[in-house]
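Data block for upload38.cif (mmCIF, C-alpha atoms):
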```
data_input
loop_
_atom_site.label_atom_id
_atom_site.label_comp_id
_atom_site.auth_asym_id
_atom_site.auth_seq_id
_atom_site.Cartn_x
_atom_site.Cartn_y
_atom_site.Cartn_z
CA MET N 27 -35.29 80.34 -20.72
CA ASN N 28 -33.31 78.37 -18.16
CA VAL N 29 -31.93 75.07 -19.39
CA THR N 30 -31.21 72.29 -16.89
CA LEU N 31 -28.36 70.01 -17.92
CA VAL N 32 -28.77 66.40 -16.82
CA ARG N 33 -26.25 63.62 -17.24
CA ALA N 34 -28.52 60.66 -17.84
CA CYS N 35 -27.60 57.00 -17.40
CA LEU N 36 -24.38 57.40 -15.42
CA ARG N 37 -21.95 54.54 -14.95
CA ASP N 38 -20.73 54.28 -11.36
CA GLY N 39 -21.47 57.97 -10.90
CA ARG N 40 -19.48 59.07 -13.97
CA GLY N 41 -20.21 60.07 -17.55
CA GLY N 42 -23.79 59.86 -18.69
CA SER N 43 -25.44 61.45 -21.70
CA PRO N 44 -25.68 65.27 -21.36
CA THR N 45 -29.31 66.18 -21.98
CA ALA N 46 -30.97 69.61 -22.00
CA VAL N 47 -34.27 69.80 -20.09
CA LEU N 48 -36.41 72.94 -20.03
CA ASP N 49 -39.97 74.00 -19.47
CA ASP N 50 -41.82 74.26 -22.74
CA GLY N 51 -43.03 77.64 -23.85
CA PRO N 52 -44.18 79.61 -26.90
CA LEU N 53 -41.42 78.34 -29.16
CA THR N 54 -41.47 77.32 -32.78
CA ASP N 55 -40.16 73.88 -33.67
CA GLU N 56 -37.22 75.57 -35.39
CA GLN N 57 -36.35 77.26 -32.11
CA ARG N 58 -36.68 73.97 -30.25
CA ARG N 59 -34.26 72.41 -32.72
CA GLU N 60 -31.68 75.08 -31.82
CA VAL N 61 -31.56 74.15 -28.16
CA PRO N 62 -29.42 70.96 -28.31
CA ALA N 63 -26.60 72.65 -30.20
CA ARG N 64 -26.70 75.75 -28.02
CA ALA N 65 -26.69 73.66 -24.86
CA GLY N 66 -23.95 71.39 -26.17
CA THR N 67 -26.11 68.25 -26.09
CA SER N 68 -27.43 65.79 -28.66
CA HIS N 69 -31.03 66.00 -27.41
CA ALA N 70 -33.35 68.45 -25.69
CA VAL N 71 -36.49 67.63 -23.71
CA PHE N 72 -39.35 70.13 -23.40
CA LEU N 73 -41.42 69.62 -20.28
CA SER N 74 -45.03 70.63 -19.56
CA THR N 75 -46.18 69.75 -16.05
CA GLY N 76 -49.78 68.83 -15.29
CA PRO N 77 -51.40 68.24 -11.88
CA ILE N 78 -49.04 67.24 -9.07
CA SER N 79 -50.27 65.46 -5.94
CA ALA N 80 -47.92 66.25 -3.08
CA ASP N 81 -49.54 63.66 -0.81
CA ALA N 82 -49.36 60.78 -3.28
CA GLY N 83 -46.13 61.92 -4.96
CA THR N 84 -47.71 61.58 -8.40
CA ALA N 85 -47.81 63.82 -11.46
CA GLU N 86 -48.70 63.97 -15.12
CA ILE N 87 -46.27 65.56 -17.56
CA SER N 88 -46.02 66.04 -21.31
CA LEU N 89 -42.68 65.62 -23.02
CA ARG N 90 -41.40 66.65 -26.44
CA PHE N 91 -37.99 65.55 -27.68
CA PHE N 92 -35.81 67.34 -30.23
CA THR N 93 -32.43 66.94 -31.89
CA GLY N 94 -30.96 69.44 -34.32
CA GLU N 95 -32.69 67.50 -37.11
CA GLY N 96 -36.21 67.75 -35.67
CA GLU N 97 -38.71 66.19 -33.29
CA LEU N 98 -38.61 62.59 -32.11
CA PRO N 99 -41.68 60.69 -30.90
CA GLY N 100 -39.66 59.37 -27.95
CA CYS N 101 -36.21 59.45 -26.36
CA GLY N 102 -35.23 57.03 -23.62
CA HIS N 103 -32.36 58.88 -21.95
CA GLY N 104 -34.34 62.11 -22.39
CA THR N 105 -37.18 60.50 -20.43
CA VAL N 106 -34.74 59.51 -17.68
CA ALA N 107 -33.47 63.10 -17.59
CA ALA N 108 -36.98 64.59 -17.41
CA LEU N 109 -38.00 62.22 -14.60
CA ALA N 110 -34.87 63.18 -12.66
CA VAL N 111 -35.65 66.89 -13.00
CA LEU N 112 -39.23 66.40 -11.85
CA ALA N 113 -38.14 64.36 -8.83
CA ASP N 114 -35.53 66.97 -7.94
CA ARG N 115 -38.04 69.83 -8.18
CA THR N 116 -41.02 68.30 -6.45
CA GLY N 117 -40.09 64.96 -4.94
CA THR N 118 -42.55 63.33 -7.32
CA ARG N 119 -42.14 59.57 -7.57
CA GLU N 120 -44.86 58.17 -9.86
CA VAL N 121 -45.46 59.89 -13.19
CA THR N 122 -47.73 59.51 -16.20
CA LEU N 123 -45.76 60.61 -19.26
CA ARG N 124 -47.55 61.98 -22.32
CA THR N 125 -45.39 61.80 -25.44
CA ARG N 126 -46.00 61.87 -29.17
CA ALA N 127 -45.62 58.08 -29.07
CA GLY N 128 -48.35 57.67 -26.43
CA ALA N 129 -48.76 57.50 -22.65
CA LEU N 130 -46.05 55.86 -20.53
CA ARG N 131 -45.56 55.10 -16.86
CA GLY N 132 -42.48 56.40 -15.09
CA ARG N 133 -41.02 56.66 -11.64
CA ALA N 134 -38.04 58.37 -10.03
CA VAL N 135 -36.32 58.00 -6.68
CA ARG N 136 -34.08 60.55 -5.00
CA HIS N 137 -31.54 58.76 -2.82
CA PRO N 138 -30.25 60.16 0.49
CA ASN N 139 -26.81 60.73 -1.06
CA GLY N 140 -28.37 63.09 -3.60
CA GLY N 141 -28.40 60.63 -6.50
CA LEU N 142 -31.41 60.20 -8.73
CA GLU N 143 -32.67 56.98 -10.27
CA ALA N 144 -35.38 56.95 -12.94
CA TRP N 145 -37.29 54.15 -14.67
CA PHE N 146 -40.07 54.03 -17.23
CA VAL N 147 -42.11 51.49 -19.18
CA PRO N 148 -41.57 52.30 -22.88
CA GLY N 149 -44.42 50.18 -24.20
CA PRO N 150 -44.62 47.03 -26.33
CA VAL N 151 -41.68 46.11 -28.55
CA THR N 152 -42.23 44.49 -31.93
CA LEU N 153 -39.52 42.22 -33.31
CA ARG N 154 -39.01 40.58 -36.68
CA ALA N 155 -36.23 38.93 -38.65
CA PRO N 156 -35.07 40.98 -41.65
CA ARG N 157 -35.64 39.56 -45.08
CA ASP N 158 -32.65 38.15 -46.94
CA GLY N 159 -30.49 41.03 -48.16
CA GLU N 160 -32.88 43.63 -46.75
CA HIS N 161 -30.15 45.59 -44.98
CA ALA N 162 -27.07 44.70 -47.00
CA ASP N 163 -26.26 48.36 -47.64
CA VAL N 164 -26.60 49.14 -43.91
CA LEU N 165 -24.17 46.35 -43.03
CA ALA N 166 -21.75 47.57 -45.68
CA ALA N 167 -21.87 51.11 -44.26
CA LEU N 168 -21.08 49.66 -40.83
CA GLY N 169 -18.09 47.80 -42.28
CA LEU N 170 -19.69 44.38 -41.72
CA ALA N 171 -20.13 41.45 -44.07
CA ALA N 172 -23.49 41.03 -45.75
CA ASP N 173 -23.92 37.62 -44.12
CA THR N 174 -23.40 38.87 -40.53
CA PRO N 175 -25.85 36.69 -38.56
CA GLY N 176 -28.37 37.49 -35.87
CA ALA N 177 -29.87 40.78 -37.07
CA VAL N 178 -33.32 41.72 -35.74
CA THR N 179 -35.53 44.66 -36.64
CA ALA N 180 -37.04 46.04 -33.45
CA SER N 181 -39.54 48.85 -33.01
CA LEU N 182 -40.84 51.01 -30.21
CA GLY N 183 -42.71 53.24 -32.62
CA ARG N 184 -39.75 53.53 -35.02
CA PRO N 185 -37.74 50.56 -36.30
CA ARG N 186 -34.06 50.11 -35.60
CA LEU N 187 -31.66 47.30 -36.45
CA LEU N 188 -30.23 45.22 -33.59
CA LEU N 189 -26.95 43.53 -34.53
CA PRO N 190 -24.89 41.19 -32.35
CA LEU N 191 -21.09 41.10 -32.49
CA PRO N 192 -19.04 38.36 -30.85
CA THR N 193 -16.88 40.48 -28.52
CA ARG N 194 -16.54 43.91 -26.95
CA SER N 195 -13.31 44.43 -28.90
CA ALA N 196 -15.10 43.79 -32.21
CA LEU N 197 -17.69 46.36 -31.20
CA ALA N 198 -15.05 48.91 -30.21
CA ALA N 199 -13.26 48.47 -33.55
CA LEU N 200 -16.28 49.60 -35.61
CA THR N 201 -15.72 52.72 -37.73
CA PRO N 202 -18.91 53.26 -39.75
CA ASP N 203 -19.15 55.70 -42.64
CA PRO N 204 -21.74 58.16 -41.22
CA ASP N 205 -22.90 59.60 -44.54
CA ARG N 206 -23.22 56.19 -46.16
CA LEU N 207 -24.96 54.81 -43.06
CA ARG N 208 -27.42 57.68 -43.00
CA ALA N 209 -28.37 57.12 -46.62
CA ALA N 210 -28.76 53.36 -46.06
CA CYS N 211 -30.88 53.83 -42.93
CA ASP N 212 -33.04 56.40 -44.73
CA ARG N 213 -33.68 53.95 -47.56
CA SER N 214 -34.75 51.30 -45.06
CA ALA N 215 -36.74 53.75 -42.89
CA LEU N 216 -34.58 52.82 -39.90
CA LEU N 217 -33.99 55.07 -36.92
CA GLY N 218 -30.50 53.67 -36.70
CA CYS N 219 -28.38 50.65 -35.74
CA TYR N 220 -27.79 49.29 -32.25
CA LEU N 221 -24.86 46.88 -32.08
CA TYR N 222 -24.05 44.85 -28.99
CA SER N 223 -21.54 42.29 -27.75
CA ALA N 224 -22.42 38.74 -26.78
CA PRO N 225 -24.19 38.97 -23.39
CA ALA N 226 -22.53 37.69 -20.23
CA PRO N 227 -24.57 35.21 -18.15
CA ASP N 228 -25.93 38.11 -16.09
CA GLY N 229 -27.06 39.96 -19.23
CA ARG N 230 -24.26 42.53 -19.31
CA VAL N 231 -23.33 43.77 -22.80
CA ALA N 232 -21.42 46.55 -24.45
CA ALA N 233 -23.44 48.46 -27.03
CA ARG N 234 -23.16 51.27 -29.56
CA MET N 235 -26.02 53.13 -31.24
CA PHE N 236 -25.52 54.90 -34.57
CA ALA N 237 -28.39 57.19 -35.60
CA PRO N 238 -27.11 59.67 -38.20
CA SER N 239 -30.60 60.00 -39.71
CA ILE N 240 -31.71 61.99 -36.65
CA GLY N 241 -28.49 64.00 -36.46
CA VAL N 242 -26.74 61.75 -33.91
CA PRO N 243 -23.77 59.95 -35.52
CA GLU N 244 -23.33 57.97 -32.28
CA ASP N 245 -25.46 58.14 -29.13
CA ILE N 246 -23.80 58.12 -25.71
CA ALA N 247 -26.80 56.31 -24.21
CA ASN N 248 -29.88 54.84 -25.85
CA ALA N 249 -32.46 53.48 -23.43
CA ASN N 250 -35.22 52.64 -25.91
CA SER N 251 -32.91 50.46 -28.00
CA THR N 252 -31.68 48.76 -24.83
CA ALA N 253 -35.33 48.00 -24.01
CA CYS N 254 -35.68 46.51 -27.50
CA LEU N 255 -32.64 44.33 -26.89
CA ALA N 256 -34.09 43.16 -23.56
CA ALA N 257 -37.29 42.12 -25.34
CA HIS N 258 -35.26 40.22 -27.93
CA LEU N 259 -32.98 38.43 -25.45
CA ALA N 260 -35.92 37.59 -23.16
CA ARG N 261 -36.97 35.12 -25.84
CA GLU N 262 -33.65 33.36 -25.15
CA GLY N 263 -34.27 33.27 -21.41
CA LEU N 264 -32.44 36.40 -20.19
CA PRO N 265 -34.59 38.35 -17.68
CA GLY N 266 -32.82 41.63 -18.29
CA VAL N 267 -29.95 43.53 -19.89
CA THR N 268 -27.36 45.98 -18.59
CA ALA N 269 -25.75 47.84 -21.47
CA ASP N 270 -22.48 49.78 -21.23
CA MET N 271 -22.39 52.52 -23.84
CA GLY N 272 -20.45 55.69 -24.63
CA ASP N 273 -16.94 54.29 -24.27
CA ALA N 274 -16.03 55.02 -27.88
CA LEU N 275 -16.96 58.66 -27.19
CA GLY N 276 -15.04 58.89 -23.93
CA THR N 277 -18.24 59.27 -21.89
CA PRO N 278 -19.24 56.04 -20.12
CA ALA N 279 -22.95 55.36 -19.68
CA THR N 280 -24.99 52.40 -18.48
CA ILE N 281 -28.65 51.53 -19.02
CA THR N 282 -30.55 48.67 -17.42
CA ALA N 283 -33.70 47.04 -18.83
CA VAL N 284 -35.66 44.42 -16.89
CA VAL N 285 -38.38 42.12 -18.24
CA ARG N 286 -41.24 41.18 -15.92
CA SER N 287 -44.58 39.44 -16.35
CA GLY N 288 -47.42 41.91 -16.87
CA PRO N 289 -51.20 41.58 -17.22
CA ASP N 290 -50.90 41.69 -21.01
CA GLY N 291 -47.65 39.78 -21.40
CA PRO N 292 -43.99 40.62 -20.80
CA GLU N 293 -43.39 44.20 -19.62
CA ILE N 294 -40.09 46.02 -19.87
CA SER N 295 -38.84 48.66 -17.45
CA VAL N 296 -35.76 50.61 -18.50
CA GLY N 297 -33.75 53.29 -16.77
CA GLY N 298 -30.61 54.41 -15.04
CA THR N 299 -29.13 56.92 -12.66
CA ALA N 300 -28.87 60.62 -13.38
CA LYS N 301 -27.16 63.73 -12.09
CA ILE N 302 -28.36 67.30 -12.46
CA THR N 303 -25.32 69.47 -13.12
CA ASP N 304 -24.65 72.98 -11.90
CA GLU N 305 -23.51 74.11 -15.34
CA PRO N 306 -25.46 77.32 -16.12
CA VAL N 307 -27.08 77.52 -19.54
CA GLN N 308 -29.70 79.99 -20.71
CA TYR N 309 -31.46 80.02 -24.05
CA THR N 310 -32.89 83.15 -25.59
CA PRO N 311 -34.66 82.33 -28.87
CA GLY N 312 -33.15 84.09 -31.85
CA THR N 313 -29.93 85.24 -30.16
CA PRO N 314 -26.40 83.81 -30.45
CA HIS N 315 -25.38 81.59 -27.56
CA ARG N 316 -22.12 80.05 -26.48
CA PRO N 317 -22.48 77.14 -24.03
CA THR N 318 -20.73 77.80 -20.73
CA HIS N 319 -19.73 74.17 -20.13
#
```

Show how you would write the structure in this file as structure tokens.
Amino acid sequence: MNVTLVRACLRDGRGGSPTAVLDDGPLTDEQRREVPARAGTSHAVFLSTGPISADAGTAEISLRFFTGEGELPGCGHGTVAALAVLADRTGTREVTLRTRAGALRGRAVRHPNGGLEAWFVPGPVTLRAPRDGEHADVLAALGLAADTPGAVTASLGRPRLLLPLPTRSALAALTPDPDRLRAACDRSALLGCYLYSAPAPDGRVAARMFAPSIGVPEDIANANSTACLAAHLAREGLPGVTADMGDALGTPATITAVVRSGPDGPEISVGGTAKITDEPVQYTPGTPHRPTH
């Protein structure tokens, strides 16, 4: 099975989160879980293509997302990667995405210089203030004081904790205990913790996402959590967020989320640029594999 490696959510043409994209087939979930490690990525996206209209540039696709720990109902940078692959293969622009979390709208644009840009609407975000002391053990695992202000629980199907820090340097200095954080997030049924610096007037932030409960100690790029942050900051008047991620891992990434008025209330679009690499990877279920990149 041929695996396409996509660097999703590049920053100025560099970095991006390496993501494995492949056509789905007769695989077991255990075999699907093997793909990220064998491809040298944190996530893998399995793609099933439905009808494609060449005239209208539209398509319907089904996506399944896996880490080494198991299946996820959604993955933002994985969605960006899948949209980029579809646009590169067929020139498709408008896409209906079928995921375990529901149906989403997506679009991709292939630029004349060969670059790919992909956006999708992740769905409604729910936000709530945590109860007093609800996540004290999570904060302790992050190395933060129990009275750190501004926490919000946000969900796009699975809850995650959004936590503001005053500066980019404070964010960069974080050294969470991954085992302790995983246990604390599991107790609170959290996907993970998304920490971000105070936004600039134009909505630019630095952010880090820790999700050890799904086998990702730190994510290079996390689009769904950036969409959650955009929904939260929209209540304070910011029309969008641009989040710089991945610097602590030496792989810069950037995600943009924009809030617009929709027929049923505020609607968030999130996305970034992507690059399909020429790094060859093949996956044969049940056989040893050494990534070539």

For a cutoff of 7 Å around the file-coordinate point (-24.8, 47.1, -19.2), which residues qualify once you count only C-alpha atoms? I'd like the result as a VMD selection string. chain N and resid 230 to 232 267 to 270 280 to 282

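Taking atom CA of N:Leu259 as the reference point, atom CA of N:Val178 is found at 10.8 Å.
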
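Interatomic distance, atom CA of N:Thr122 against atom CA of N:Glu95: 27.0 Å.
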
Distance cut-off 8 Å, centre (-19.5, 45.2, -38.7) in file coordinates, counting all atoms listed in the file: which residues qualify? Return them as a ChimeraX atom specification. /N:165-166,168-171,174,191,196-197,200

Those same residues - C-alpha atoms - I'd like them written as a PDB file, in the frame of the given file.
```pdb
ATOM      1  CA  LEU N 165     -24.170  46.350 -43.030  1.00  0.00           C
ATOM      2  CA  ALA N 166     -21.750  47.570 -45.680  1.00  0.00           C
ATOM      3  CA  LEU N 168     -21.080  49.660 -40.830  1.00  0.00           C
ATOM      4  CA  GLY N 169     -18.090  47.800 -42.280  1.00  0.00           C
ATOM      5  CA  LEU N 170     -19.690  44.380 -41.720  1.00  0.00           C
ATOM      6  CA  ALA N 171     -20.130  41.450 -44.070  1.00  0.00           C
ATOM      7  CA  THR N 174     -23.400  38.870 -40.530  1.00  0.00           C
ATOM      8  CA  LEU N 191     -21.090  41.100 -32.490  1.00  0.00           C
ATOM      9  CA  ALA N 196     -15.100  43.790 -32.210  1.00  0.00           C
ATOM     10  CA  LEU N 197     -17.690  46.360 -31.200  1.00  0.00           C
ATOM     11  CA  LEU N 200     -16.280  49.600 -35.610  1.00  0.00           C
TER      12      LEU N 200
END
```

Written as number ranges by chain, which residues does the PyMOL selection byres ((chain N and resi 185-190) around 7) give for the file shown? N: 176-184, 191-192, 216-224

Selection in question (the file shown): the PyMOL selection byres ((chain N and resi 149) around 9). Which residues does it include, as a PyMOL selection string? chain N and resi 128-131+147-148+150-151+182+293-295

Given the selection you just returned, output its residues as a file containing C-alpha atoms, formatted as a CSV table (one decimal), keeping the file's coordinate frame.
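Written out: selection.csv:
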```
chain,number,residue,atom,x,y,z
N,128,GLY,CA,-48.4,57.7,-26.4
N,129,ALA,CA,-48.8,57.5,-22.6
N,130,LEU,CA,-46.0,55.9,-20.5
N,131,ARG,CA,-45.6,55.1,-16.9
N,147,VAL,CA,-42.1,51.5,-19.2
N,148,PRO,CA,-41.6,52.3,-22.9
N,150,PRO,CA,-44.6,47.0,-26.3
N,151,VAL,CA,-41.7,46.1,-28.6
N,182,LEU,CA,-40.8,51.0,-30.2
N,293,GLU,CA,-43.4,44.2,-19.6
N,294,ILE,CA,-40.1,46.0,-19.9
N,295,SER,CA,-38.8,48.7,-17.4
```

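Note that the spacing between atom CA of N:Ala107 and atom CA of N:Val32 amounts to 5.8 Å.
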
Starting from the PyMOL selection byres ((chain N and resi 103) around 7), expand the selection into actual residues of this file and give them as a PyMOL selection string. chain N and resi 34-35+101-102+104-107+247-249
